[in-house]
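Working notes for the structure below.
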Amino acid sequence: MDSREALLRESFVPVAPVSRVMAAPQIEHRRLANSGLMCDLSTGARMSQACAVWNVKTNVCTIMTEPNAPDEVLGHEVRHCFEGHFH
């Protein structure tokens with residue numbers, strides 16, 4: 001099983017809203033040709049394809065991906081919006 005298959009088979013049990021960083025965030029998706037660079041600048045970490053950046057004050061989670069990112073990448077980042085940095 002490759003890493004993509006492992007990601008697809010990973011079980012998902014959401015954290016209770018009371019335990020989340022933002023219980024019910026608004027999610028914004030930005031498709032950017034330079035998402036890797038923008039993610040590096042926003043998070044201070046080296047990201048390969050995408051990232052989720054929280055603004056707790058405005059309750060907005062902004063997801064940045066490449067323009068043609070697969071659905072699995074977007075779904076993974078949505079999970080970060082609700083559960084934080086789980087990996």
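FYI, nothing fancy with the structure tokens labels: chains A, B, ... in order, residues from 1 per chain, ligands from 1 as they appear.
DSSP annotation of region 6-61 of chain A from backbone atoms: strand (DSSP E) residues are Gln26, Ile27, Glu28, His29, Arg30, Arg31, Cys51, Ala52, Val53, Trp54, Asn55, Val60 and Cys61 of chain A.
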Going by DSSP on the backbone, which residues of chain A come out as alpha helix (DSSP H)? List them as a CSV table (one decimal) with C-alpha atoms, in the first residue's frame.
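Dumped everything to result-v4.csv:
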```csv
chain,number,residue,atom,x,y,z
A,3,SER,CA,1.2,6.5,1.1
A,4,ARG,CA,-1.8,7.8,-1.0
A,5,GLU,CA,-3.7,4.6,-0.3
A,6,ALA,CA,-2.9,4.8,3.4
A,7,LEU,CA,-4.2,8.4,3.4
A,8,LEU,CA,-7.4,7.3,1.7
A,9,ARG,CA,-7.9,4.4,4.2
A,35,SER,CA,0.8,27.9,-2.9
A,36,GLY,CA,3.9,26.2,-1.7
A,37,LEU,CA,5.7,29.6,-1.2
A,38,MET,CA,2.6,31.2,0.3
A,39,CYS,CA,2.2,28.3,2.7
A,40,ASP,CA,5.9,28.5,3.7
A,41,LEU,CA,5.5,32.3,4.4
A,42,SER,CA,2.2,31.8,6.3
A,43,THR,CA,3.1,28.8,8.4
A,71,ASP,CA,-9.8,16.4,-3.8
A,72,GLU,CA,-7.8,14.4,-1.3
A,73,VAL,CA,-5.5,17.3,-0.7
A,74,LEU,CA,-8.4,19.7,-0.2
A,75,GLY,CA,-10.2,17.3,2.2
A,76,HIS,CA,-7.0,16.8,4.2
A,77,GLU,CA,-6.7,20.6,4.6
A,78,VAL,CA,-10.4,20.9,5.6
A,79,ARG,CA,-9.7,18.4,8.4
A,80,HIS,CA,-6.9,20.7,9.6
A,81,CYS,CA,-9.4,23.5,9.8
A,82,PHE,CA,-11.5,21.5,12.2
A,83,GLU,CA,-8.9,19.4,14.1
```
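Residue nearest Ala23 (chain A), chosen from A:Val60, A:Gly44, A:His85, A:Glu66 and counting only C-alpha atoms: A:Val60.
With only C-alpha atoms as the basis for measurement, A:Ala50 is the residue among A:Asn59, A:Pro14, A:Ala50, A:Val21 that approaches Ala33 (chain A) most closely.
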### Message
Restricting the calculation to only C-alpha atoms: of A:Gln26, A:Ser19, A:Asn34, A:Asn68, which residue gets closest to Asn55 (chain A)?
### Response
A:Gln26
#### Entry: Shell around Arg31 (chain A) at 6 Å using only C-alpha atoms, local window under 5 positions removed, as a list in words
Met64, Thr65, Glu66 and Pro67 of chain A
### Message
When you count only C-alpha atoms, which of these residues is closest to Lys57 (chain A): A:Val15, A:Pro25, A:Ala69, A:Arg20?
### Response
A:Pro25
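Proximity ranking of A:Pro70, A:Ala24, A:His29, A:Val13 relative to Ala52 (chain A) places A:His29 first, based on only C-alpha atoms.
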